[in-house]
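**Student:** Mind looking over this structure? Questions follow.
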Amino acid sequence: MYPFSFTKVSDTRGALDAGRRGGRYIAGGTTLVDLMRETVERPETLVDISALPLREVTATERGGLRIGALVRMAEAAAHPKVRTLYPVISQALELSASPQLRNMATIGGNIMQRTRCTYFRDVTAACNKREPGSGCAARDGFNRTHAILGTSESCVATHPSDAAVAFAALEASVHLLGPDGERTVPFADFLLRPGSTPNREQALREGELITAVEIPVYPRPLRSGYLKVRDRQSYEFALTSAAVALHIRGGVIREAKVAAGGVGTVPWKLPAVERQLIGERPSKALWTEAAERAADGARPLRHNRFKAELLKRTVERQLRTVGGTK
């Protein structure tokens, strides 16, 4: 580990001042500390923001939900409002990491976490995300766990967050505070596809701080859930996953929100699947037909061709579960 300085702040003004000077924000530290040990990350200054007043889960004026950036994953998963209004978020959080990590990791840190690509974490391997211009060892290496959607010649790494898949499905927004004031970014625009600049992963400006994630209001009843497929049931990242939310009224699907994880360079919204569902009556045939669109645009690699079919099956299964026609 390389030398670094450490400072703790108690208010957002102190945090922004430190961030403006190049400090890296840290709260739970469940990702950044690991990357520092492996010398993947080498920040000169860490700014501990764990004392900031960003720990509340509140209903918005319009009836949505706002989750503070420093709410622990375990706290968010167990919160009555989250469990009642958006089970898909609770389930995604509970299927993430281990209990010990969920008790430490924060919502803001979870969506900011970096890929688990083994080549990214091996400082001897070529990785454009870690060292721009060095190449992508994963493209011709062992790429079973890598992305089939949103890839580029520069990067095929997946985004690891489960909660981010639920936020993407629900079309959440990210509240930010920076030297120039407050702003809100749609979740779909917050996490960036790699393109030719895979080292730039979020739409953050210098010194900006995540303050909350907000989920918009949806008509009720809203059925939702999260399904994660992985190599083992204990602590493991997704081969694929599906977050589904359906508003069914009068026997017809009025709203459909679907996103996938484990298959994209970012949490992958599935608008083609959603369009297939809206205005239709739930049925096994509908779920199968809609799920066939889940892998549209996929670009499988040598070792992960199975993911396209697995994604379709995962989406179909979760549509059946949430839609009530198992």
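Just remember, in the structure tokens the first chain shown is A, the second B, etc., residues are 1-based per chain, and ligands are 1-based in the order shown.
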Excluding same-chain residues fewer than 3 positions from Gln113 (chain A), what lies within 10 Å of it counting only C-alpha atoms, as a PDB file with all heavy atoms, in the first residue's frame?
**Tutor:**
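Okay, around_33.pdb is ready:
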ATOM      1  N   GLY A  29     -15.843   2.023   3.072  1.00  0.00           N
ATOM      2  CA  GLY A  29     -14.511   1.612   2.640  1.00  0.00           C
ATOM      3  C   GLY A  29     -14.418   0.172   2.170  1.00  0.00           C
ATOM      4  O   GLY A  29     -13.313  -0.351   2.003  1.00  0.00           O
ATOM      5  N   THR A  30     -15.551  -0.476   1.920  1.00  0.00           N
ATOM      6  CA  THR A  30     -15.514  -1.908   1.611  1.00  0.00           C
ATOM      7  C   THR A  30     -14.948  -2.210   0.222  1.00  0.00           C
ATOM      8  O   THR A  30     -14.562  -3.345  -0.054  1.00  0.00           O
ATOM      9  CB  THR A  30     -16.916  -2.524   1.723  1.00  0.00           C
ATOM     10  OG1 THR A  30     -17.820  -1.814   0.872  1.00  0.00           O
ATOM     11  CG2 THR A  30     -17.421  -2.448   3.165  1.00  0.00           C
ATOM     12  N   THR A  31     -14.901  -1.231  -0.649  1.00  0.00           N
ATOM     13  CA  THR A  31     -14.293  -1.416  -1.965  1.00  0.00           C
ATOM     14  C   THR A  31     -12.952  -0.709  -2.071  1.00  0.00           C
ATOM     15  O   THR A  31     -11.955  -1.302  -2.485  1.00  0.00           O
ATOM     16  CB  THR A  31     -15.230  -0.896  -3.082  1.00  0.00           C
ATOM     17  OG1 THR A  31     -16.398  -1.708  -3.139  1.00  0.00           O
ATOM     18  CG2 THR A  31     -14.542  -0.957  -4.440  1.00  0.00           C
ATOM     19  N   LEU A  32     -12.932   0.548  -1.710  1.00  0.00           N
ATOM     20  CA  LEU A  32     -11.727   1.354  -1.913  1.00  0.00           C
ATOM     21  C   LEU A  32     -10.529   0.811  -1.141  1.00  0.00           C
ATOM     22  O   LEU A  32      -9.407   0.769  -1.662  1.00  0.00           O
ATOM     23  CB  LEU A  32     -11.998   2.809  -1.510  1.00  0.00           C
ATOM     24  CG  LEU A  32     -10.840   3.786  -1.715  1.00  0.00           C
ATOM     25  CD1 LEU A  32     -10.327   3.745  -3.151  1.00  0.00           C
ATOM     26  CD2 LEU A  32     -11.269   5.193  -1.336  1.00  0.00           C
ATOM     27  N   GLY A 108     -24.441   5.010  -1.405  1.00  0.00           N
ATOM     28  CA  GLY A 108     -23.610   5.781  -2.332  1.00  0.00           C
ATOM     29  C   GLY A 108     -22.378   5.014  -2.758  1.00  0.00           C
ATOM     30  O   GLY A 108     -22.009   4.998  -3.939  1.00  0.00           O
ATOM     31  N   GLY A 109     -21.725   4.362  -1.814  1.00  0.00           N
ATOM     32  CA  GLY A 109     -20.536   3.580  -2.131  1.00  0.00           C
ATOM     33  C   GLY A 109     -20.857   2.380  -2.995  1.00  0.00           C
ATOM     34  O   GLY A 109     -20.067   2.001  -3.863  1.00  0.00           O
ATOM     35  N   ASN A 110     -22.031   1.781  -2.787  1.00  0.00           N
ATOM     36  CA  ASN A 110     -22.405   0.605  -3.556  1.00  0.00           C
ATOM     37  C   ASN A 110     -22.523   0.910  -5.041  1.00  0.00           C
ATOM     38  O   ASN A 110     -22.038   0.144  -5.883  1.00  0.00           O
ATOM     39  CB  ASN A 110     -23.714   0.030  -3.020  1.00  0.00           C
ATOM     40  CG  ASN A 110     -24.145  -1.212  -3.766  1.00  0.00           C
ATOM     41  OD1 ASN A 110     -24.882  -1.139  -4.747  1.00  0.00           O
ATOM     42  ND2 ASN A 110     -23.670  -2.363  -3.312  1.00  0.00           N
ATOM     43  N   ARG A 116     -15.421  -6.021 -10.704  1.00  0.00           N
ATOM     44  CA  ARG A 116     -14.693  -7.157 -10.134  1.00  0.00           C
ATOM     45  C   ARG A 116     -13.898  -7.909 -11.207  1.00  0.00           C
ATOM     46  O   ARG A 116     -13.428  -9.013 -10.961  1.00  0.00           O
ATOM     47  CB  ARG A 116     -15.669  -8.118  -9.455  1.00  0.00           C
ATOM     48  CG  ARG A 116     -15.758  -7.976  -7.950  1.00  0.00           C
ATOM     49  CD  ARG A 116     -16.027  -6.608  -7.472  1.00  0.00           C
ATOM     50  NE  ARG A 116     -15.969  -6.505  -6.011  1.00  0.00           N
ATOM     51  CZ  ARG A 116     -16.280  -5.414  -5.335  1.00  0.00           C
ATOM     52  NH1 ARG A 116     -16.632  -4.328  -5.986  1.00  0.00           N
ATOM     53  NH2 ARG A 116     -16.202  -5.384  -4.023  1.00  0.00           N
ATOM     54  N   HIS A 159     -20.576  -4.080 -14.475  1.00  0.00           N
ATOM     55  CA  HIS A 159     -20.762  -3.331 -13.235  1.00  0.00           C
ATOM     56  C   HIS A 159     -21.287  -4.305 -12.186  1.00  0.00           C
ATOM     57  O   HIS A 159     -22.224  -5.052 -12.448  1.00  0.00           O
ATOM     58  CB  HIS A 159     -21.742  -2.185 -13.430  1.00  0.00           C
ATOM     59  CG  HIS A 159     -21.765  -1.221 -12.292  1.00  0.00           C
ATOM     60  ND1 HIS A 159     -22.518  -1.426 -11.158  1.00  0.00           N
ATOM     61  CD2 HIS A 159     -21.092  -0.064 -12.087  1.00  0.00           C
ATOM     62  CE1 HIS A 159     -22.325  -0.422 -10.315  1.00  0.00           C
ATOM     63  NE2 HIS A 159     -21.466   0.418 -10.855  1.00  0.00           N
ATOM     64  N   PRO A 160     -20.708  -4.319 -10.974  1.00  0.00           N
ATOM     65  CA  PRO A 160     -21.028  -5.392 -10.022  1.00  0.00           C
ATOM     66  C   PRO A 160     -22.229  -5.176  -9.116  1.00  0.00           C
ATOM     67  O   PRO A 160     -22.678  -6.115  -8.464  1.00  0.00           O
ATOM     68  CB  PRO A 160     -19.751  -5.465  -9.169  1.00  0.00           C
ATOM     69  CG  PRO A 160     -19.241  -4.052  -9.162  1.00  0.00           C
ATOM     70  CD  PRO A 160     -19.570  -3.501 -10.524  1.00  0.00           C
ATOM     71  N   SER A 161     -22.768  -3.966  -9.047  1.00  0.00           N
ATOM     72  CA  SER A 161     -23.793  -3.672  -8.049  1.00  0.00           C
ATOM     73  C   SER A 161     -25.141  -4.308  -8.369  1.00  0.00           C
ATOM     74  O   SER A 161     -25.663  -4.181  -9.479  1.00  0.00           O
ATOM     75  CB  SER A 161     -23.977  -2.158  -7.918  1.00  0.00           C
ATOM     76  OG  SER A 161     -25.101  -1.843  -7.130  1.00  0.00           O
ATOM     77  N   GLU A 201     -16.062   6.368 -15.150  1.00  0.00           N
ATOM     78  CA  GLU A 201     -17.154   5.442 -14.875  1.00  0.00           C
ATOM     79  C   GLU A 201     -18.445   6.109 -14.426  1.00  0.00           C
ATOM     80  O   GLU A 201     -19.514   5.496 -14.517  1.00  0.00           O
ATOM     81  CB  GLU A 201     -16.695   4.430 -13.820  1.00  0.00           C
ATOM     82  CG  GLU A 201     -15.512   3.598 -14.283  1.00  0.00           C
ATOM     83  CD  GLU A 201     -14.956   2.698 -13.202  1.00  0.00           C
ATOM     84  OE1 GLU A 201     -15.339   2.874 -12.031  1.00  0.00           O
ATOM     85  OE2 GLU A 201     -14.156   1.813 -13.527  1.00  0.00           O
TER      86      GLU A 201
END
**Student:** For Thr106 (chain A), find every residue with an atom within 10 Å (counting only C-alpha atoms), except residues of its own chain fewer than 2 positions away, and show them as an MDAnalysis selection string.
**Tutor:** chainID A and resid 26:30 50 55 68:76 101:104 108:112
**Student:** What parts of region 29-230 of chain A does DSSP call helix (DSSP H, G or I)? I'd like the answer as number ranges by chain.
**Tutor:** A: 32-37, 73-78, 80-85, 87-94, 99-102, 107-112, 118-121, 137-140, 163-169, 187-190
**Student:** Would you work out the distance separating CA of Arg299 (chain A) from CA of Ile148 (chain A), expressed in Å to one decimal?
**Tutor:**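 These atoms are spaced 4.9 Å apart.
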**Student:** Under the rule that only C-alpha atoms are counted, which of A:Ala294, A:Val252, A:Val33, A:Val229 is the nearest residue to Gly279 (chain A)?
**Tutor:**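 The closest residue to Gly279 (chain A) is A:Val252.
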**Student:** Using only C-alpha atoms, which residue out of A:Gln233, A:Thr288, A:Thr211, A:Ser5 lies closest to Arg66 (chain A)?
**Tutor:**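 Answer, going by the shortest atom-to-atom distance: A:Thr211.
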**Student:** What does the structure give for the distance between CA of Pro300 (chain A) and CA of Gln91 (chain A), in Å to one decimal?
**Tutor:**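 Pair CA of Pro300 (chain A) / CA of Gln91 (chain A) returns 27.9 Å.
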**Student:** Please list as a list in words every residue within 7 Å of region 40-42 of chain A, counting only C-alpha atoms and excluding residues in the same chain fewer than 4 positions away.
**Tutor:**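 Answer for this query is Tyr2, Leu35, Met36, Arg121 and Val123 of chain A.
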**Student:** As an MDAnalysis selection string, please: the residues near Leu277 (chain A) (cut-off 7 Å, only C-alpha atoms, same-chain neighbours under 5 positions excluded).
**Tutor:** chainID A and resid 253 256 290
**Student:** Selection from above, N, CA, C and O atoms, as a PDB file, in the first residue's frame, can you write it?
**Tutor:**
ATOM      1  N   ILE A 253     -51.362  -4.911 -17.942  1.00  0.00           N
ATOM      2  CA  ILE A 253     -50.103  -4.313 -17.494  1.00  0.00           C
ATOM      3  C   ILE A 253     -50.063  -2.857 -17.951  1.00  0.00           C
ATOM      4  O   ILE A 253     -50.018  -2.564 -19.150  1.00  0.00           O
ATOM      5  N   ALA A 256     -44.392  -1.146 -16.857  1.00  0.00           N
ATOM      6  CA  ALA A 256     -43.425  -2.246 -16.782  1.00  0.00           C
ATOM      7  C   ALA A 256     -42.024  -1.666 -16.761  1.00  0.00           C
ATOM      8  O   ALA A 256     -41.654  -0.893 -17.647  1.00  0.00           O
ATOM      9  N   ALA A 290     -41.815 -11.701 -24.360  1.00  0.00           N
ATOM     10  CA  ALA A 290     -41.106 -10.488 -23.961  1.00  0.00           C
ATOM     11  C   ALA A 290     -39.654 -10.773 -23.626  1.00  0.00           C
ATOM     12  O   ALA A 290     -38.744 -10.013 -23.982  1.00  0.00           O
TER      13      ALA A 290
END
**Student:** Might you pull out every residue within 9 Å of Pro87 (chain A), with only C-alpha atoms counted and same-chain residues fewer than 6 positions away left off, and present them as a PyMOL selection string?
**Tutor:** chain A and resi 77+223-226
**Student:** Pick the closest to Asn128 (chain A) from A:Ser196, A:Thr84, A:Thr12, A:Thr184: which is it, counting only C-alpha atoms?
**Tutor:** A:Ser196
**Student:** Taking only region 4-176 of chain A into account, list the residues labelled strand (DSSP E) by DSSP (computed from the backbone), as a VMD selection string.
**Tutor:** chain A and resid 5 to 8 24 to 26 45 to 48 57 to 59 65 to 68 173 to 176
**Student:** So that I have them on file, write out the residues from the current selection with N, CA, C and O atoms, as an mmCIF file, in the first residue's frame.
**Tutor:**
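So part.cif came out as:
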data_model
loop_
_atom_site.group_PDB
_atom_site.id
_atom_site.type_symbol
_atom_site.label_atom_id
_atom_site.label_comp_id
_atom_site.auth_asym_id
_atom_site.auth_seq_id
_atom_site.Cartn_x
_atom_site.Cartn_y
_atom_site.Cartn_z
ATOM 1 N N SER A 5 -2.656 10.462 3.066
ATOM 2 C CA SER A 5 -3.114 11.220 4.231
ATOM 3 C C SER A 5 -4.599 10.959 4.439
ATOM 4 O O SER A 5 -5.309 10.567 3.512
ATOM 5 N N PHE A 6 -5.062 11.170 5.665
ATOM 6 C CA PHE A 6 -6.445 10.861 6.035
ATOM 7 C C PHE A 6 -7.023 12.016 6.824
ATOM 8 O O PHE A 6 -6.385 12.537 7.752
ATOM 9 N N THR A 7 -8.222 12.429 6.437
ATOM 10 C CA THR A 7 -8.901 13.495 7.175
ATOM 11 C C THR A 7 -10.369 13.131 7.345
ATOM 12 O O THR A 7 -10.950 12.458 6.489
ATOM 13 N N LYS A 8 -10.963 13.556 8.453
ATOM 14 C CA LYS A 8 -12.373 13.268 8.747
ATOM 15 C C LYS A 8 -13.126 14.590 8.782
ATOM 16 O O LYS A 8 -12.659 15.547 9.412
ATOM 17 N N ARG A 24 -10.240 11.901 -1.929
ATOM 18 C CA ARG A 24 -11.184 10.858 -2.317
ATOM 19 C C ARG A 24 -12.094 10.549 -1.138
ATOM 20 O O ARG A 24 -11.631 10.275 -0.026
ATOM 21 N N TYR A 25 -13.404 10.582 -1.385
ATOM 22 C CA TYR A 25 -14.376 10.324 -0.334
ATOM 23 C C TYR A 25 -14.402 8.844 0.029
ATOM 24 O O TYR A 25 -14.326 7.980 -0.836
ATOM 25 N N ILE A 26 -14.554 8.564 1.326
ATOM 26 C CA ILE A 26 -14.653 7.196 1.809
ATOM 27 C C ILE A 26 -15.621 7.157 2.984
ATOM 28 O O ILE A 26 -15.653 8.069 3.812
ATOM 29 N N THR A 45 -5.053 11.371 -0.772
ATOM 30 C CA THR A 45 -5.798 11.831 0.411
ATOM 31 C C THR A 45 -7.152 11.146 0.470
ATOM 32 O O THR A 45 -7.886 11.112 -0.525
ATOM 33 N N LEU A 46 -7.488 10.595 1.636
ATOM 34 C CA LEU A 46 -8.812 10.034 1.879
ATOM 35 C C LEU A 46 -9.596 10.987 2.779
ATOM 36 O O LEU A 46 -9.055 11.498 3.768
ATOM 37 N N VAL A 47 -10.852 11.204 2.433
ATOM 38 C CA VAL A 47 -11.717 12.097 3.201
ATOM 39 C C VAL A 47 -12.859 11.262 3.773
ATOM 40 O O VAL A 47 -13.740 10.793 3.033
ATOM 41 N N ASP A 48 -12.864 11.044 5.067
ATOM 42 C CA ASP A 48 -13.892 10.243 5.728
ATOM 43 C C ASP A 48 -15.160 11.077 5.869
ATOM 44 O O ASP A 48 -15.194 12.069 6.607
ATOM 45 N N VAL A 57 -33.885 7.719 5.295
ATOM 46 C CA VAL A 57 -34.768 7.240 4.232
ATOM 47 C C VAL A 57 -36.086 7.971 4.415
ATOM 48 O O VAL A 57 -36.733 7.840 5.457
ATOM 49 N N THR A 58 -36.484 8.769 3.420
ATOM 50 C CA THR A 58 -37.675 9.607 3.582
ATOM 51 C C THR A 58 -38.562 9.525 2.349
ATOM 52 O O THR A 58 -38.089 9.292 1.232
ATOM 53 N N ALA A 59 -39.867 9.739 2.562
ATOM 54 C CA ALA A 59 -40.805 9.842 1.449
ATOM 55 C C ALA A 59 -40.701 11.242 0.865
ATOM 56 O O ALA A 59 -40.549 12.219 1.594
ATOM 57 N N LEU A 65 -39.461 7.939 -2.981
ATOM 58 C CA LEU A 65 -38.614 7.574 -1.851
ATOM 59 C C LEU A 65 -37.210 8.109 -2.081
ATOM 60 O O LEU A 65 -36.669 8.014 -3.183
ATOM 61 N N ARG A 66 -36.637 8.672 -1.026
ATOM 62 C CA ARG A 66 -35.277 9.213 -1.104
ATOM 63 C C ARG A 66 -34.413 8.492 -0.072
ATOM 64 O O ARG A 66 -34.730 8.480 1.119
ATOM 65 N N ILE A 67 -33.331 7.884 -0.540
ATOM 66 C CA ILE A 67 -32.427 7.124 0.317
ATOM 67 C C ILE A 67 -31.101 7.871 0.409
ATOM 68 O O ILE A 67 -30.428 8.072 -0.604
ATOM 69 N N GLY A 68 -30.735 8.282 1.611
ATOM 70 C CA GLY A 68 -29.494 9.016 1.808
ATOM 71 C C GLY A 68 -28.285 8.198 1.395
ATOM 72 O O GLY A 68 -28.252 6.972 1.552
ATOM 73 N N SER A 173 -32.989 8.573 -9.674
ATOM 74 C CA SER A 173 -32.093 9.683 -9.970
ATOM 75 C C SER A 173 -31.089 9.819 -8.834
ATOM 76 O O SER A 173 -31.353 9.390 -7.705
ATOM 77 N N VAL A 174 -29.953 10.397 -9.135
ATOM 78 C CA VAL A 174 -28.878 10.563 -8.156
ATOM 79 C C VAL A 174 -28.735 12.044 -7.833
ATOM 80 O O VAL A 174 -28.553 12.875 -8.743
ATOM 81 N N HIS A 175 -28.817 12.381 -6.543
ATOM 82 C CA HIS A 175 -28.654 13.767 -6.101
ATOM 83 C C HIS A 175 -27.182 14.009 -5.769
ATOM 84 O O HIS A 175 -26.566 13.227 -5.037
ATOM 85 N N LEU A 176 -26.649 15.090 -6.303
ATOM 86 C CA LEU A 176 -25.237 15.407 -6.147
ATOM 87 C C LEU A 176 -25.073 16.805 -5.568
ATOM 88 O O LEU A 176 -25.891 17.698 -5.797
#
**Student:** Taking 2 positions as the minimum chain separation for residues in the same chain, which residues sit within 9 Å of Leu311 (chain A) when counting only C-alpha atoms? Answer as a ChimeraX atom specification.
**Tutor:** /A:239-242,260,263,291,294-295,306-309,313-316
**Student:** Limited to N, CA, C and O atoms, could you put the picked residues into a file as a compact mmCIF listing (two decimals), in the first residue's frame?
**Tutor:**
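So selection30.txt came out as:
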# COMPACT_ATOMS: atom_id res chain seq x y z
N LEU A 239 -23.99 -13.77 -12.45
CA LEU A 239 -23.79 -14.11 -13.86
C LEU A 239 -24.83 -13.35 -14.68
O LEU A 239 -24.55 -12.86 -15.76
N THR A 240 -26.02 -13.29 -14.14
CA THR A 240 -27.06 -12.42 -14.66
C THR A 240 -28.09 -12.20 -13.57
O THR A 240 -28.17 -12.97 -12.60
N SER A 241 -28.87 -11.16 -13.70
CA SER A 241 -29.92 -10.87 -12.73
C SER A 241 -31.02 -10.09 -13.43
O SER A 241 -30.81 -9.53 -14.52
N ALA A 242 -32.18 -10.04 -12.80
CA ALA A 242 -33.31 -9.31 -13.37
C ALA A 242 -34.07 -8.58 -12.27
O ALA A 242 -34.45 -9.19 -11.27
N ALA A 260 -31.48 -5.52 -16.19
CA ALA A 260 -30.66 -6.71 -15.98
C ALA A 260 -29.30 -6.34 -15.43
O ALA A 260 -28.76 -5.26 -15.71
N VAL A 263 -24.65 -8.68 -16.93
CA VAL A 263 -24.47 -8.89 -18.37
C VAL A 263 -24.05 -7.62 -19.11
O VAL A 263 -23.67 -7.68 -20.27
N ALA A 291 -39.41 -11.88 -22.93
CA ALA A 291 -38.05 -12.22 -22.51
C ALA A 291 -37.13 -12.48 -23.69
O ALA A 291 -35.91 -12.34 -23.58
N ALA A 294 -34.74 -9.71 -24.37
CA ALA A 294 -33.82 -9.27 -23.32
C ALA A 294 -32.38 -9.15 -23.78
O ALA A 294 -31.63 -8.30 -23.30
N ALA A 295 -31.95 -10.01 -24.71
CA ALA A 295 -30.55 -10.01 -25.14
C ALA A 295 -30.35 -9.29 -26.47
O ALA A 295 -29.32 -9.47 -27.12
N PHE A 306 -23.05 -18.26 -23.30
CA PHE A 306 -24.20 -18.80 -22.57
C PHE A 306 -25.04 -17.71 -21.92
O PHE A 306 -26.21 -17.92 -21.59
N LYS A 307 -24.44 -16.53 -21.72
CA LYS A 307 -25.13 -15.49 -20.97
C LYS A 307 -26.38 -14.96 -21.67
O LYS A 307 -27.34 -14.56 -21.01
N ALA A 308 -26.39 -14.94 -22.98
CA ALA A 308 -27.56 -14.43 -23.70
C ALA A 308 -28.80 -15.27 -23.40
O ALA A 308 -29.87 -14.76 -23.08
N GLU A 309 -28.65 -16.59 -23.48
CA GLU A 309 -29.77 -17.47 -23.18
C GLU A 309 -30.12 -17.45 -21.70
O GLU A 309 -31.30 -17.47 -21.32
N ARG A 313 -33.81 -16.49 -19.93
CA ARG A 313 -34.49 -17.37 -18.97
C ARG A 313 -34.69 -16.69 -17.62
O ARG A 313 -35.72 -16.87 -16.96
N THR A 314 -33.71 -15.90 -17.21
CA THR A 314 -33.80 -15.20 -15.92
C THR A 314 -34.90 -14.16 -15.95
O THR A 314 -35.70 -14.03 -15.02
N VAL A 315 -34.96 -13.38 -17.03
CA VAL A 315 -36.00 -12.37 -17.17
C VAL A 315 -37.37 -13.02 -17.22
O VAL A 315 -38.32 -12.58 -16.56
N GLU A 316 -37.51 -14.11 -17.99
CA GLU A 316 -38.80 -14.80 -18.08
C GLU A 316 -39.24 -15.32 -16.72
O GLU A 316 -40.41 -15.15 -16.32
**Student:** To one decimal place in Å, what is the distance between CA of Ser154 (chain A) and CA of Gly262 (chain A)?
**Tutor:**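 Rounded to one decimal, the two atoms are 18.3 Å apart.
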**Student:** Of the candidates A:Asp34, A:Pro43, A:Arg62, A:Leu191, which one gets nearest to Phe4 (chain A) if we count only C-alpha atoms?
**Tutor:** A:Pro43
**Student:** For Asp189 (chain A), which of A:Glu206, A:Glu171, A:Glu292, A:Asp162 is the closest residue, counting only C-alpha atoms?
**Tutor:**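 Among the listed residues, A:Glu171 lies closest to Asp189 (chain A).
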**Student:** If we count only C-alpha atoms, what is near Cys155 (chain A) at a cut-off of 10 Å, once residues fewer than 6 positions away on the same chain are taken out, given as a ChimeraX atom specification?
**Tutor:** /A:127-129,135-139,146-147,193-199,265
**Student:** Out of A:Pro3, A:Leu85, A:Ala125, A:Ala105, which residue has the shortest atom-to-atom distance to Gly64 (chain A) when counting only C-alpha atoms?
**Tutor:**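 Checking each candidate against Gly64 (chain A), we get A:Leu85 as the closest.
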